[in-house]
Amino acid sequence: MSAEKRATQPTSKRSVEQKGRLITGACVIVVVALVVTLIFMVCSRGLTTFIFDGVNPAAFFAGTTWNPHQMSDNGQYLVGALPMIAGSFAVTLLSCLISLPFSLGAAIFMVEIAPGFGRRVLRPIIELLTGIPSVVFGLVGLELVVPLIRNAAGGTGYGILAGSLVLAFMILPTVTSLAADAIDSVPEAYKDGSYGLGCTRWQTIVHVIIPSALPGILTAVIMGMSRSFGEALAVQMVVGNAAQMPQGLFTPAATLTSVLTMGMGNEAMGTMFNDVLWSLAMVLLVMSLFFILIVHLIGKKGAAK
């Protein structure tokens, strides 16, 4: 190789590195700009309800009557969002409680009990379930879950329980996959030490593997809650869409997403009703960001350990 080629080779490498940094930096700037723009747009439109439309924030978050087309005797719009907020949290928490035992059990079986079968058969099935559209789960809930609840408990069959069962099936693949990854990341030295002390396999799973993988398992649960809280179509098909405070598991209710999907396309931009829907979207966005923050905090605690 000539001296000139050797001299130009480092220069060309630096040029390629600089171009790579510029391209990746531009991509980061675009992503950050999109996120900031999204948050700014939703929050600016959501705050319009309180700043320009004169809606009392206390009446919005604590009110129990949802009828934005009417006004109360004191001149306030009936835009109480508490029934939808309560419905969203009820459906989210109950779906996670239903899904967690099955997800954790499937993850333990897939990684510790039958790893070969789990890797060849269960993981592909779980990945396949992850890609099923939410409308399919909604149709299954509408044709199977709602009639089953109606025949067993009476009533219409629509309500918190129906929505929770549908969401539990929806988040099951996500929670199972993330929990399996967390369990699989436990060092083999921990297991070998437990077996060396004479512990059985189940003692090792309960007292060593699950505590070691707990941050990852909690992250899986929070990610499942985040998806459950933001799901719209499947819940709308089975929850009943009644904007009232939940009276029980078997009575129709509403969630933030169900009210948004039903109302956003029917109201003109700039109207008070449209602004209130943007306020509901802002609440939904804040809760999603809160779930993401919890995931990061859990990840930092897990890394510190």
# chains A, B, ... in the order shown; residues from 1 in each chain; ligands from 1
$ residues_around --residues "Ile149 of chain A" --least-positions-apart "6" --cutoff "9 Å" --atoms "only C-alpha atoms" --output "MDAnalysis selection string"
chainID A and resid 155:158 161:162 250
$ residues_around --residues "Pro115 of chain A" --least-positions-apart "5" --cutoff "12 Å" --atoms "only C-alpha atoms" --output "PDB file with all heavy atoms, in the first residue's frame"
ATOM      1  N   ALA A 106     -47.037 -19.378  32.852  1.00  0.00           N
ATOM      2  CA  ALA A 106     -46.579 -19.756  31.514  1.00  0.00           C
ATOM      3  C   ALA A 106     -45.113 -19.410  31.321  1.00  0.00           C
ATOM      4  O   ALA A 106     -44.358 -20.182  30.699  1.00  0.00           O
ATOM      5  CB  ALA A 106     -47.435 -19.057  30.458  1.00  0.00           C
ATOM      6  N   ALA A 107     -44.673 -18.266  31.845  1.00  0.00           N
ATOM      7  CA  ALA A 107     -43.267 -17.876  31.706  1.00  0.00           C
ATOM      8  C   ALA A 107     -42.350 -18.835  32.463  1.00  0.00           C
ATOM      9  O   ALA A 107     -41.290 -19.237  31.955  1.00  0.00           O
ATOM     10  CB  ALA A 107     -43.084 -16.445  32.208  1.00  0.00           C
ATOM     11  N   ILE A 108     -42.747 -19.225  33.681  1.00  0.00           N
ATOM     12  CA  ILE A 108     -41.939 -20.170  34.457  1.00  0.00           C
ATOM     13  C   ILE A 108     -41.871 -21.520  33.755  1.00  0.00           C
ATOM     14  O   ILE A 108     -40.794 -22.140  33.644  1.00  0.00           O
ATOM     15  CB  ILE A 108     -42.517 -20.314  35.875  1.00  0.00           C
ATOM     16  CG1 ILE A 108     -42.347 -19.008  36.655  1.00  0.00           C
ATOM     17  CG2 ILE A 108     -41.847 -21.459  36.626  1.00  0.00           C
ATOM     18  CD1 ILE A 108     -43.039 -19.001  37.999  1.00  0.00           C
ATOM     19  N   PHE A 109     -43.003 -21.995  33.255  1.00  0.00           N
ATOM     20  CA  PHE A 109     -43.011 -23.277  32.539  1.00  0.00           C
ATOM     21  C   PHE A 109     -42.150 -23.208  31.289  1.00  0.00           C
ATOM     22  O   PHE A 109     -41.406 -24.147  30.975  1.00  0.00           O
ATOM     23  CB  PHE A 109     -44.449 -23.641  32.170  1.00  0.00           C
ATOM     24  CG  PHE A 109     -44.567 -24.935  31.421  1.00  0.00           C
ATOM     25  CD1 PHE A 109     -44.607 -26.146  32.096  1.00  0.00           C
ATOM     26  CD2 PHE A 109     -44.631 -24.954  30.033  1.00  0.00           C
ATOM     27  CE1 PHE A 109     -44.714 -27.342  31.406  1.00  0.00           C
ATOM     28  CE2 PHE A 109     -44.726 -26.131  29.334  1.00  0.00           C
ATOM     29  CZ  PHE A 109     -44.769 -27.342  30.024  1.00  0.00           C
ATOM     30  N   MET A 110     -42.215 -22.099  30.589  1.00  0.00           N
ATOM     31  CA  MET A 110     -41.516 -21.965  29.318  1.00  0.00           C
ATOM     32  C   MET A 110     -39.999 -21.882  29.508  1.00  0.00           C
ATOM     33  O   MET A 110     -39.239 -22.341  28.656  1.00  0.00           O
ATOM     34  CB  MET A 110     -42.024 -20.714  28.602  1.00  0.00           C
ATOM     35  CG  MET A 110     -41.545 -20.522  27.195  1.00  0.00           C
ATOM     36  SD  MET A 110     -42.533 -19.289  26.333  1.00  0.00           S
ATOM     37  CE  MET A 110     -42.468 -17.914  27.466  1.00  0.00           C
ATOM     38  N   ARG A 120     -39.428 -23.987  21.344  1.00  0.00           N
ATOM     39  CA  ARG A 120     -39.843 -24.431  20.011  1.00  0.00           C
ATOM     40  C   ARG A 120     -41.320 -24.201  19.741  1.00  0.00           C
ATOM     41  O   ARG A 120     -41.708 -23.943  18.599  1.00  0.00           O
ATOM     42  CB  ARG A 120     -39.531 -25.927  19.842  1.00  0.00           C
ATOM     43  CG  ARG A 120     -38.063 -26.269  19.792  1.00  0.00           C
ATOM     44  CD  ARG A 120     -37.871 -27.705  19.342  1.00  0.00           C
ATOM     45  NE  ARG A 120     -38.620 -28.634  20.187  1.00  0.00           N
ATOM     46  CZ  ARG A 120     -38.130 -29.222  21.273  1.00  0.00           C
ATOM     47  NH1 ARG A 120     -36.887 -28.957  21.652  1.00  0.00           N
ATOM     48  NH2 ARG A 120     -38.865 -30.056  21.987  1.00  0.00           N
ATOM     49  N   VAL A 121     -42.168 -24.306  20.780  1.00  0.00           N
ATOM     50  CA  VAL A 121     -43.616 -24.285  20.562  1.00  0.00           C
ATOM     51  C   VAL A 121     -44.278 -23.063  21.205  1.00  0.00           C
ATOM     52  O   VAL A 121     -45.009 -22.314  20.534  1.00  0.00           O
ATOM     53  CB  VAL A 121     -44.257 -25.579  21.113  1.00  0.00           C
ATOM     54  CG1 VAL A 121     -45.762 -25.544  20.920  1.00  0.00           C
ATOM     55  CG2 VAL A 121     -43.648 -26.798  20.437  1.00  0.00           C
ATOM     56  N   LEU A 122     -44.039 -22.850  22.506  1.00  0.00           N
ATOM     57  CA  LEU A 122     -44.788 -21.816  23.219  1.00  0.00           C
ATOM     58  C   LEU A 122     -44.416 -20.406  22.762  1.00  0.00           C
ATOM     59  O   LEU A 122     -45.300 -19.560  22.579  1.00  0.00           O
ATOM     60  CB  LEU A 122     -44.553 -21.955  24.717  1.00  0.00           C
ATOM     61  CG  LEU A 122     -45.235 -23.153  25.396  1.00  0.00           C
ATOM     62  CD1 LEU A 122     -44.979 -23.136  26.885  1.00  0.00           C
ATOM     63  CD2 LEU A 122     -46.737 -23.137  25.126  1.00  0.00           C
ATOM     64  N   ARG A 123     -43.130 -20.128  22.611  1.00  0.00           N
ATOM     65  CA  ARG A 123     -42.728 -18.774  22.202  1.00  0.00           C
ATOM     66  C   ARG A 123     -43.317 -18.379  20.856  1.00  0.00           C
ATOM     67  O   ARG A 123     -43.826 -17.256  20.704  1.00  0.00           O
ATOM     68  CB  ARG A 123     -41.205 -18.655  22.196  1.00  0.00           C
ATOM     69  CG  ARG A 123     -40.611 -18.383  23.570  1.00  0.00           C
ATOM     70  CD  ARG A 123     -39.145 -18.046  23.480  1.00  0.00           C
ATOM     71  NE  ARG A 123     -38.565 -17.818  24.787  1.00  0.00           N
ATOM     72  CZ  ARG A 123     -38.534 -16.646  25.399  1.00  0.00           C
ATOM     73  NH1 ARG A 123     -39.066 -15.582  24.810  1.00  0.00           N
ATOM     74  NH2 ARG A 123     -37.971 -16.511  26.585  1.00  0.00           N
ATOM     75  N   ALA A 180     -40.940 -13.895  30.782  1.00  0.00           N
ATOM     76  CA  ALA A 180     -40.039 -14.983  30.398  1.00  0.00           C
ATOM     77  C   ALA A 180     -38.631 -14.461  30.154  1.00  0.00           C
ATOM     78  O   ALA A 180     -37.640 -15.100  30.551  1.00  0.00           O
ATOM     79  CB  ALA A 180     -40.572 -15.687  29.147  1.00  0.00           C
ATOM     80  N   ILE A 183     -37.075 -13.838  33.585  1.00  0.00           N
ATOM     81  CA  ILE A 183     -36.682 -15.076  34.261  1.00  0.00           C
ATOM     82  C   ILE A 183     -35.465 -15.700  33.584  1.00  0.00           C
ATOM     83  O   ILE A 183     -34.557 -16.223  34.239  1.00  0.00           O
ATOM     84  CB  ILE A 183     -37.873 -16.055  34.268  1.00  0.00           C
ATOM     85  CG1 ILE A 183     -38.993 -15.499  35.157  1.00  0.00           C
ATOM     86  CG2 ILE A 183     -37.450 -17.432  34.771  1.00  0.00           C
ATOM     87  CD1 ILE A 183     -40.274 -16.300  35.089  1.00  0.00           C
ATOM     88  N   ASP A 184     -35.436 -15.618  32.259  1.00  0.00           N
ATOM     89  CA  ASP A 184     -34.312 -16.197  31.515  1.00  0.00           C
ATOM     90  C   ASP A 184     -33.007 -15.452  31.762  1.00  0.00           C
ATOM     91  O   ASP A 184     -31.920 -15.996  31.569  1.00  0.00           O
ATOM     92  CB  ASP A 184     -34.644 -16.185  30.022  1.00  0.00           C
ATOM     93  CG  ASP A 184     -33.733 -17.109  29.224  1.00  0.00           C
ATOM     94  OD1 ASP A 184     -33.205 -18.080  29.807  1.00  0.00           O
ATOM     95  OD2 ASP A 184     -33.542 -16.851  28.019  1.00  0.00           O
TER      96      ASP A 184
END
$ atom_distance --atom1 "atom CA of Asn56 of chain A" --atom2 "atom CA of Gln76 of chain A"
7.9 Å
$ closest_residue --among "A:Ile98, A:Cys43, A:Leu167, A:Ala254" --to "Val239 of chain A" --atoms "only C-alpha atoms"
A:Ala254
$ select_by_dssp --residues "segment 51-246 of chain A" --states "alpha helix (DSSP H)" --output "ChimeraX atom specification"
/A:51,57-62,82-108,115-117,123-130,134-140,146-153,160-184,188-196,201-204,210-212,214-230,233-238
$ atom_distance --atom1 "atom CA of Val145 of chain A" --atom2 "atom CA of Thr176 of chain A"
22.0 Å
$ residues_around --residues "Met262 of chain A" --least-positions-apart "2" --cutoff "10 Å" --atoms "only C-alpha atoms" --output "PyMOL selection string"
chain A and resi 232-233+236+241+257-260+264-267
$ closest_residue --among "A:Val79, A:Ile29, A:Ala253, A:Met269" --to "Val235 of chain A" --atoms "only C-alpha atoms"
A:Ala253
$ residues_around --residues "Trp278 of chain A" --least-positions-apart "2" --cutoff "10 Å" --atoms "only C-alpha atoms" --output "ChimeraX atom specification"
/A:41-49,260,264,272-276,280-284
$ write_last_selection --atoms "all heavy atoms" --output "short mmCIF file (atom, residue, chain, number, x, y, z; two decimals), in the first residue's frame"
data_model
loop_
_atom_site.label_atom_id
_atom_site.label_comp_id
_atom_site.auth_asym_id
_atom_site.auth_seq_id
_atom_site.Cartn_x
_atom_site.Cartn_y
_atom_site.Cartn_z
N MET A 41 -49.24 19.32 21.54
CA MET A 41 -50.52 19.44 20.86
C MET A 41 -51.66 18.94 21.75
O MET A 41 -52.69 19.61 21.90
CB MET A 41 -50.51 18.66 19.56
CG MET A 41 -51.80 18.77 18.75
SD MET A 41 -51.79 17.75 17.27
CE MET A 41 -51.89 16.11 18.02
N VAL A 42 -51.48 17.76 22.35
CA VAL A 42 -52.53 17.19 23.18
C VAL A 42 -52.78 18.05 24.41
O VAL A 42 -53.93 18.34 24.77
CB VAL A 42 -52.18 15.74 23.57
CG1 VAL A 42 -53.21 15.19 24.54
CG2 VAL A 42 -52.11 14.86 22.34
N CYS A 43 -51.69 18.49 25.07
CA CYS A 43 -51.86 19.27 26.29
C CYS A 43 -52.44 20.65 25.99
O CYS A 43 -53.28 21.16 26.76
CB CYS A 43 -50.52 19.41 27.01
SG CYS A 43 -49.90 17.87 27.71
N SER A 44 -52.02 21.29 24.90
CA SER A 44 -52.55 22.61 24.57
C SER A 44 -54.04 22.53 24.25
O SER A 44 -54.82 23.40 24.68
CB SER A 44 -51.79 23.22 23.39
OG SER A 44 -51.91 22.41 22.22
N ARG A 45 -54.44 21.50 23.52
CA ARG A 45 -55.86 21.35 23.22
C ARG A 45 -56.64 20.92 24.46
O ARG A 45 -57.79 21.33 24.67
CB ARG A 45 -56.06 20.32 22.11
CG ARG A 45 -55.54 20.75 20.75
CD ARG A 45 -56.24 22.00 20.26
NE ARG A 45 -57.68 21.84 20.26
CZ ARG A 45 -58.37 21.34 19.25
NH1 ARG A 45 -57.74 20.94 18.15
NH2 ARG A 45 -59.68 21.24 19.31
N GLY A 46 -56.04 20.08 25.29
CA GLY A 46 -56.73 19.63 26.49
C GLY A 46 -56.93 20.72 27.51
O GLY A 46 -57.97 20.78 28.19
N LEU A 47 -55.95 21.63 27.64
CA LEU A 47 -56.06 22.73 28.60
C LEU A 47 -57.02 23.81 28.14
O LEU A 47 -57.43 24.66 28.95
CB LEU A 47 -54.68 23.33 28.86
CG LEU A 47 -53.69 22.41 29.59
CD1 LEU A 47 -52.32 23.06 29.67
CD2 LEU A 47 -54.20 22.05 30.99
N THR A 48 -57.37 23.80 26.85
CA THR A 48 -58.34 24.78 26.35
C THR A 48 -59.66 24.69 27.09
O THR A 48 -60.34 25.71 27.32
CB THR A 48 -58.57 24.56 24.84
OG1 THR A 48 -57.32 24.67 24.15
CG2 THR A 48 -59.55 25.56 24.28
N THR A 49 -60.04 23.51 27.48
CA THR A 49 -61.30 23.32 28.21
C THR A 49 -61.34 24.14 29.49
O THR A 49 -62.37 24.73 29.84
CB THR A 49 -61.49 21.83 28.54
OG1 THR A 49 -61.41 21.07 27.34
CG2 THR A 49 -62.82 21.59 29.21
N LEU A 260 -63.70 8.44 23.89
CA LEU A 260 -62.95 9.15 22.86
C LEU A 260 -63.27 8.62 21.47
O LEU A 260 -63.51 9.38 20.53
CB LEU A 260 -61.46 9.04 23.14
CG LEU A 260 -60.88 10.00 24.19
CD1 LEU A 260 -59.44 9.63 24.52
CD2 LEU A 260 -60.96 11.43 23.69
N MET A 264 -65.09 11.50 19.24
CA MET A 264 -64.18 12.39 18.54
C MET A 264 -64.58 12.62 17.09
O MET A 264 -64.45 13.72 16.55
CB MET A 264 -62.75 11.83 18.60
CG MET A 264 -61.69 12.79 18.08
SD MET A 264 -61.60 14.34 19.01
CE MET A 264 -60.72 13.83 20.50
N MET A 272 -67.00 23.08 22.28
CA MET A 272 -66.68 22.76 23.66
C MET A 272 -66.59 21.25 23.89
O MET A 272 -65.72 20.76 24.59
CB MET A 272 -67.73 23.39 24.59
CG MET A 272 -67.30 23.53 26.05
SD MET A 272 -67.34 22.02 27.01
CE MET A 272 -69.05 21.54 26.77
N PHE A 273 -67.48 20.50 23.26
CA PHE A 273 -67.47 19.05 23.40
C PHE A 273 -66.16 18.48 22.85
O PHE A 273 -65.56 17.59 23.44
CB PHE A 273 -68.66 18.45 22.66
CG PHE A 273 -68.95 17.02 23.04
CD1 PHE A 273 -70.08 16.39 22.57
CD2 PHE A 273 -68.11 16.30 23.88
CE1 PHE A 273 -70.36 15.07 22.91
CE2 PHE A 273 -68.37 14.98 24.24
CZ PHE A 273 -69.49 14.37 23.74
N ASN A 274 -65.69 19.00 21.71
CA ASN A 274 -64.43 18.53 21.15
C ASN A 274 -63.26 18.86 22.08
O ASN A 274 -62.34 18.04 22.25
CB ASN A 274 -64.22 19.17 19.78
CG ASN A 274 -62.98 18.66 19.08
OD1 ASN A 274 -61.91 19.27 19.17
ND2 ASN A 274 -63.11 17.54 18.37
N ASP A 275 -63.30 20.04 22.70
CA ASP A 275 -62.23 20.40 23.63
C ASP A 275 -62.21 19.47 24.85
O ASP A 275 -61.14 19.10 25.35
CB ASP A 275 -62.41 21.85 24.10
CG ASP A 275 -62.19 22.84 22.97
OD1 ASP A 275 -61.52 22.48 21.97
OD2 ASP A 275 -62.70 23.98 23.07
N VAL A 276 -63.40 19.10 25.33
CA VAL A 276 -63.47 18.19 26.48
C VAL A 276 -62.90 16.82 26.12
O VAL A 276 -62.22 16.18 26.93
CB VAL A 276 -64.93 18.08 26.98
CG1 VAL A 276 -65.06 16.99 28.02
CG2 VAL A 276 -65.40 19.39 27.55
N LEU A 280 -59.85 14.63 27.86
CA LEU A 280 -59.79 13.19 28.18
C LEU A 280 -58.54 12.56 27.57
O LEU A 280 -57.88 11.72 28.20
CB LEU A 280 -61.04 12.49 27.66
CG LEU A 280 -62.38 12.87 28.30
CD1 LEU A 280 -63.50 12.05 27.66
CD2 LEU A 280 -62.35 12.68 29.80
N ALA A 281 -58.21 12.98 26.34
CA ALA A 281 -57.00 12.46 25.71
C ALA A 281 -55.75 12.88 26.48
O ALA A 281 -54.78 12.11 26.59
CB ALA A 281 -56.92 12.95 24.26
N MET A 282 -55.77 14.09 27.04
CA MET A 282 -54.63 14.55 27.84
C MET A 282 -54.48 13.70 29.10
O MET A 282 -53.36 13.34 29.49
CB MET A 282 -54.83 16.03 28.21
CG MET A 282 -53.68 16.62 29.01
SD MET A 282 -53.95 18.36 29.45
CE MET A 282 -55.36 18.19 30.57
N VAL A 283 -55.60 13.38 29.74
CA VAL A 283 -55.54 12.51 30.92
C VAL A 283 -54.96 11.15 30.55
O VAL A 283 -54.12 10.58 31.26
CB VAL A 283 -56.94 12.36 31.54
CG1 VAL A 283 -56.93 11.34 32.68
CG2 VAL A 283 -57.45 13.70 32.04
N LEU A 284 -55.38 10.62 29.41
CA LEU A 284 -54.89 9.33 28.94
C LEU A 284 -53.39 9.39 28.66
O LEU A 284 -52.64 8.48 29.01
CB LEU A 284 -55.65 8.93 27.68
CG LEU A 284 -55.48 7.50 27.17
CD1 LEU A 284 -56.01 6.50 28.17
CD2 LEU A 284 -56.19 7.34 25.83
#
$ atom_distance --atom1 "atom CA of Ser88 of chain A" --atom2 "atom CA of Leu256 of chain A"
6.2 Å
$ residues_around --residues "Arg227 of chain A" --least-positions-apart "6" --cutoff "9 Å" --atoms "only C-alpha atoms" --output "number ranges by chain"
A: 92, 167, 170-171, 288
$ write_last_selection --atoms "N, CA and C atoms" --output "mmCIF file, in the first residue's frame"
data_model
loop_
_atom_site.group_PDB
_atom_site.id
_atom_site.type_symbol
_atom_site.label_atom_id
_atom_site.label_comp_id
_atom_site.auth_asym_id
_atom_site.auth_seq_id
_atom_site.Cartn_x
_atom_site.Cartn_y
_atom_site.Cartn_z
ATOM 1 N N THR A 92 -58.383 -1.823 33.872
ATOM 2 C CA THR A 92 -56.937 -2.066 33.795
ATOM 3 C C THR A 92 -56.459 -2.944 34.943
ATOM 4 N N LEU A 167 -59.401 -7.816 27.893
ATOM 5 C CA LEU A 167 -58.080 -7.205 28.007
ATOM 6 C C LEU A 167 -57.063 -8.168 28.616
ATOM 7 N N MET A 170 -55.751 -10.081 25.920
ATOM 8 C CA MET A 170 -54.947 -9.254 25.031
ATOM 9 C C MET A 170 -53.545 -9.012 25.576
ATOM 10 N N ILE A 171 -53.428 -8.740 26.868
ATOM 11 C CA ILE A 171 -52.119 -8.435 27.442
ATOM 12 C C ILE A 171 -51.366 -9.681 27.870
ATOM 13 N N SER A 288 -50.311 7.354 30.560
ATOM 14 C CA SER A 288 -49.365 6.536 29.805
ATOM 15 C C SER A 288 -47.929 6.941 30.129
#
$ select_by_dssp --residues "segment 58-275 of chain A" --states "strand (DSSP E or B)" --output "PDB file with all heavy atoms, in the first residue's frame"
ATOM      1  N   TRP A  66     -71.852  12.985  32.926  1.00  0.00           N
ATOM      2  CA  TRP A  66     -71.217  13.257  31.631  1.00  0.00           C
ATOM      3  C   TRP A  66     -72.305  13.523  30.602  1.00  0.00           C
ATOM      4  O   TRP A  66     -72.954  12.622  30.095  1.00  0.00           O
ATOM      5  CB  TRP A  66     -70.353  12.067  31.222  1.00  0.00           C
ATOM      6  CG  TRP A  66     -69.745  12.209  29.848  1.00  0.00           C
ATOM      7  CD1 TRP A  66     -70.177  11.637  28.693  1.00  0.00           C
ATOM      8  CD2 TRP A  66     -68.602  12.978  29.508  1.00  0.00           C
ATOM      9  NE1 TRP A  66     -69.375  12.005  27.636  1.00  0.00           N
ATOM     10  CE2 TRP A  66     -68.389  12.833  28.108  1.00  0.00           C
ATOM     11  CE3 TRP A  66     -67.713  13.794  30.229  1.00  0.00           C
ATOM     12  CZ2 TRP A  66     -67.342  13.447  27.429  1.00  0.00           C
ATOM     13  CZ3 TRP A  66     -66.671  14.412  29.558  1.00  0.00           C
ATOM     14  CH2 TRP A  66     -66.488  14.233  28.185  1.00  0.00           C
ATOM     15  N   ASN A  67     -72.516  14.809  30.320  1.00  0.00           N
ATOM     16  CA  ASN A  67     -73.465  15.230  29.283  1.00  0.00           C
ATOM     17  C   ASN A  67     -73.042  16.609  28.790  1.00  0.00           C
ATOM     18  O   ASN A  67     -73.643  17.630  29.154  1.00  0.00           O
ATOM     19  CB  ASN A  67     -74.899  15.257  29.825  1.00  0.00           C
ATOM     20  CG  ASN A  67     -75.922  15.379  28.708  1.00  0.00           C
ATOM     21  OD1 ASN A  67     -75.567  15.540  27.539  1.00  0.00           O
ATOM     22  ND2 ASN A  67     -77.190  15.302  29.066  1.00  0.00           N
ATOM     23  N   PRO A  68     -71.993  16.668  27.968  1.00  0.00           N
ATOM     24  CA  PRO A  68     -71.415  17.970  27.584  1.00  0.00           C
ATOM     25  C   PRO A  68     -72.370  18.875  26.820  1.00  0.00           C
ATOM     26  O   PRO A  68     -72.099  20.066  26.682  1.00  0.00           O
ATOM     27  CB  PRO A  68     -70.225  17.571  26.708  1.00  0.00           C
ATOM     28  CG  PRO A  68     -69.908  16.167  27.089  1.00  0.00           C
ATOM     29  CD  PRO A  68     -71.217  15.543  27.427  1.00  0.00           C
ATOM     30  N   HIS A  69     -73.470  18.353  26.299  1.00  0.00           N
ATOM     31  CA  HIS A  69     -74.405  19.179  25.542  1.00  0.00           C
ATOM     32  C   HIS A  69     -75.376  19.928  26.446  1.00  0.00           C
ATOM     33  O   HIS A  69     -76.165  20.736  25.960  1.00  0.00           O
ATOM     34  CB  HIS A  69     -75.202  18.312  24.559  1.00  0.00           C
ATOM     35  CG  HIS A  69     -74.344  17.734  23.471  1.00  0.00           C
ATOM     36  ND1 HIS A  69     -73.744  18.497  22.500  1.00  0.00           N
ATOM     37  CD2 HIS A  69     -73.986  16.447  23.207  1.00  0.00           C
ATOM     38  CE1 HIS A  69     -73.057  17.728  21.672  1.00  0.00           C
ATOM     39  NE2 HIS A  69     -73.183  16.479  22.078  1.00  0.00           N
ATOM     40  N   GLN A  70     -75.332  19.669  27.733  1.00  0.00           N
ATOM     41  CA  GLN A  70     -76.234  20.342  28.658  1.00  0.00           C
ATOM     42  C   GLN A  70     -75.434  21.058  29.734  1.00  0.00           C
ATOM     43  O   GLN A  70     -74.257  20.773  29.953  1.00  0.00           O
ATOM     44  CB  GLN A  70     -77.197  19.347  29.309  1.00  0.00           C
ATOM     45  CG  GLN A  70     -78.198  18.725  28.342  1.00  0.00           C
ATOM     46  CD  GLN A  70     -79.212  17.867  29.064  1.00  0.00           C
ATOM     47  OE1 GLN A  70     -79.227  17.797  30.276  1.00  0.00           O
ATOM     48  NE2 GLN A  70     -80.085  17.215  28.292  1.00  0.00           N
ATOM     49  N   MET A  71     -76.115  21.993  30.412  1.00  0.00           N
ATOM     50  CA  MET A  71     -75.493  22.751  31.487  1.00  0.00           C
ATOM     51  C   MET A  71     -76.300  22.557  32.762  1.00  0.00           C
ATOM     52  O   MET A  71     -77.509  22.314  32.724  1.00  0.00           O
ATOM     53  CB  MET A  71     -75.420  24.248  31.131  1.00  0.00           C
ATOM     54  CG  MET A  71     -74.612  24.551  29.871  1.00  0.00           C
ATOM     55  SD  MET A  71     -74.496  26.316  29.503  1.00  0.00           S
ATOM     56  CE  MET A  71     -73.457  26.876  30.848  1.00  0.00           C
ATOM     57  N   TYR A  77     -71.015  23.312  32.470  1.00  0.00           N
ATOM     58  CA  TYR A  77     -71.254  22.163  31.600  1.00  0.00           C
ATOM     59  C   TYR A  77     -71.111  20.864  32.392  1.00  0.00           C
ATOM     60  O   TYR A  77     -70.263  20.750  33.282  1.00  0.00           O
ATOM     61  CB  TYR A  77     -70.267  22.148  30.431  1.00  0.00           C
ATOM     62  CG  TYR A  77     -70.544  23.197  29.388  1.00  0.00           C
ATOM     63  CD1 TYR A  77     -69.795  24.369  29.351  1.00  0.00           C
ATOM     64  CD2 TYR A  77     -71.549  23.017  28.439  1.00  0.00           C
ATOM     65  CE1 TYR A  77     -70.038  25.346  28.394  1.00  0.00           C
ATOM     66  CE2 TYR A  77     -71.800  23.982  27.477  1.00  0.00           C
ATOM     67  CZ  TYR A  77     -71.045  25.148  27.457  1.00  0.00           C
ATOM     68  OH  TYR A  77     -71.296  26.100  26.513  1.00  0.00           O
ATOM     69  N   LEU A  78     -71.947  19.890  32.060  1.00  0.00           N
ATOM     70  CA  LEU A  78     -71.923  18.598  32.757  1.00  0.00           C
ATOM     71  C   LEU A  78     -70.870  17.697  32.100  1.00  0.00           C
ATOM     72  O   LEU A  78     -71.161  16.854  31.261  1.00  0.00           O
ATOM     73  CB  LEU A  78     -73.317  17.958  32.691  1.00  0.00           C
ATOM     74  CG  LEU A  78     -74.440  18.777  33.326  1.00  0.00           C
ATOM     75  CD1 LEU A  78     -75.788  18.096  33.105  1.00  0.00           C
ATOM     76  CD2 LEU A  78     -74.180  18.982  34.814  1.00  0.00           C
ATOM     77  N   VAL A  79     -69.626  17.933  32.496  1.00  0.00           N
ATOM     78  CA  VAL A  79     -68.509  17.216  31.875  1.00  0.00           C
ATOM     79  C   VAL A  79     -67.703  16.466  32.942  1.00  0.00           C
ATOM     80  O   VAL A  79     -66.471  16.474  32.924  1.00  0.00           O
ATOM     81  CB  VAL A  79     -67.603  18.177  31.079  1.00  0.00           C
ATOM     82  CG1 VAL A  79     -68.305  18.668  29.827  1.00  0.00           C
ATOM     83  CG2 VAL A  79     -67.175  19.372  31.946  1.00  0.00           C
ATOM     84  N   GLY A 240     -69.991  -1.767  27.381  1.00  0.00           N
ATOM     85  CA  GLY A 240     -71.329  -1.212  27.528  1.00  0.00           C
ATOM     86  C   GLY A 240     -71.449   0.251  27.172  1.00  0.00           C
ATOM     87  O   GLY A 240     -72.519   0.732  26.810  1.00  0.00           O
ATOM     88  N   ALA A 253     -70.459   0.180  31.738  1.00  0.00           N
ATOM     89  CA  ALA A 253     -69.621   1.295  32.166  1.00  0.00           C
ATOM     90  C   ALA A 253     -68.959   1.890  30.928  1.00  0.00           C
ATOM     91  O   ALA A 253     -69.292   1.537  29.794  1.00  0.00           O
ATOM     92  CB  ALA A 253     -68.581   0.824  33.194  1.00  0.00           C
TER      93      ALA A 253
END
$ closest_residue --among "A:Ala90, A:Val175, A:Val238, A:Ala168" --to "Ala220 of chain A" --atoms "only C-alpha atoms"
A:Val175
$ residues_around --residues "Tyr190 of chain A" --least-positions-apart "4" --cutoff "9 Å" --atoms "only C-alpha atoms" --output "list in words"
Val186, Ser194, Tyr195, Thr204, Val208, Ile209 and Ser212 of chain A
$ write_last_selection --atoms "N, CA, C and O atoms" --output "short mmCIF file (atom, residue, chain, number, x, y, z; two decimals), in the first residue's frame"
data_model
loop_
_atom_site.label_atom_id
_atom_site.label_comp_id
_atom_site.auth_asym_id
_atom_site.auth_seq_id
_atom_site.Cartn_x
_atom_site.Cartn_y
_atom_site.Cartn_z
N VAL A 186 -31.90 -14.42 34.66
CA VAL A 186 -31.33 -14.71 35.98
C VAL A 186 -30.05 -15.53 35.79
O VAL A 186 -30.05 -16.54 35.07
N SER A 194 -28.27 -22.46 44.57
CA SER A 194 -29.46 -22.96 45.26
C SER A 194 -29.50 -24.48 45.24
O SER A 194 -29.77 -25.12 46.27
N TYR A 195 -29.23 -25.06 44.07
CA TYR A 195 -29.21 -26.52 43.98
C TYR A 195 -28.09 -27.11 44.83
O TYR A 195 -28.24 -28.18 45.42
N THR A 204 -36.14 -23.37 44.41
CA THR A 204 -35.26 -22.46 43.67
C THR A 204 -36.07 -21.44 42.89
O THR A 204 -35.74 -20.25 42.86
N VAL A 208 -35.48 -18.02 44.71
CA VAL A 208 -34.29 -17.49 44.05
C VAL A 208 -34.63 -16.81 42.72
O VAL A 208 -34.32 -15.63 42.50
N ILE A 209 -35.28 -17.55 41.84
CA ILE A 209 -35.48 -17.05 40.48
C ILE A 209 -36.48 -15.89 40.46
O ILE A 209 -36.20 -14.83 39.88
N SER A 212 -35.16 -12.69 42.06
CA SER A 212 -34.12 -12.08 41.23
C SER A 212 -34.69 -11.42 39.99
O SER A 212 -34.19 -10.40 39.51
#
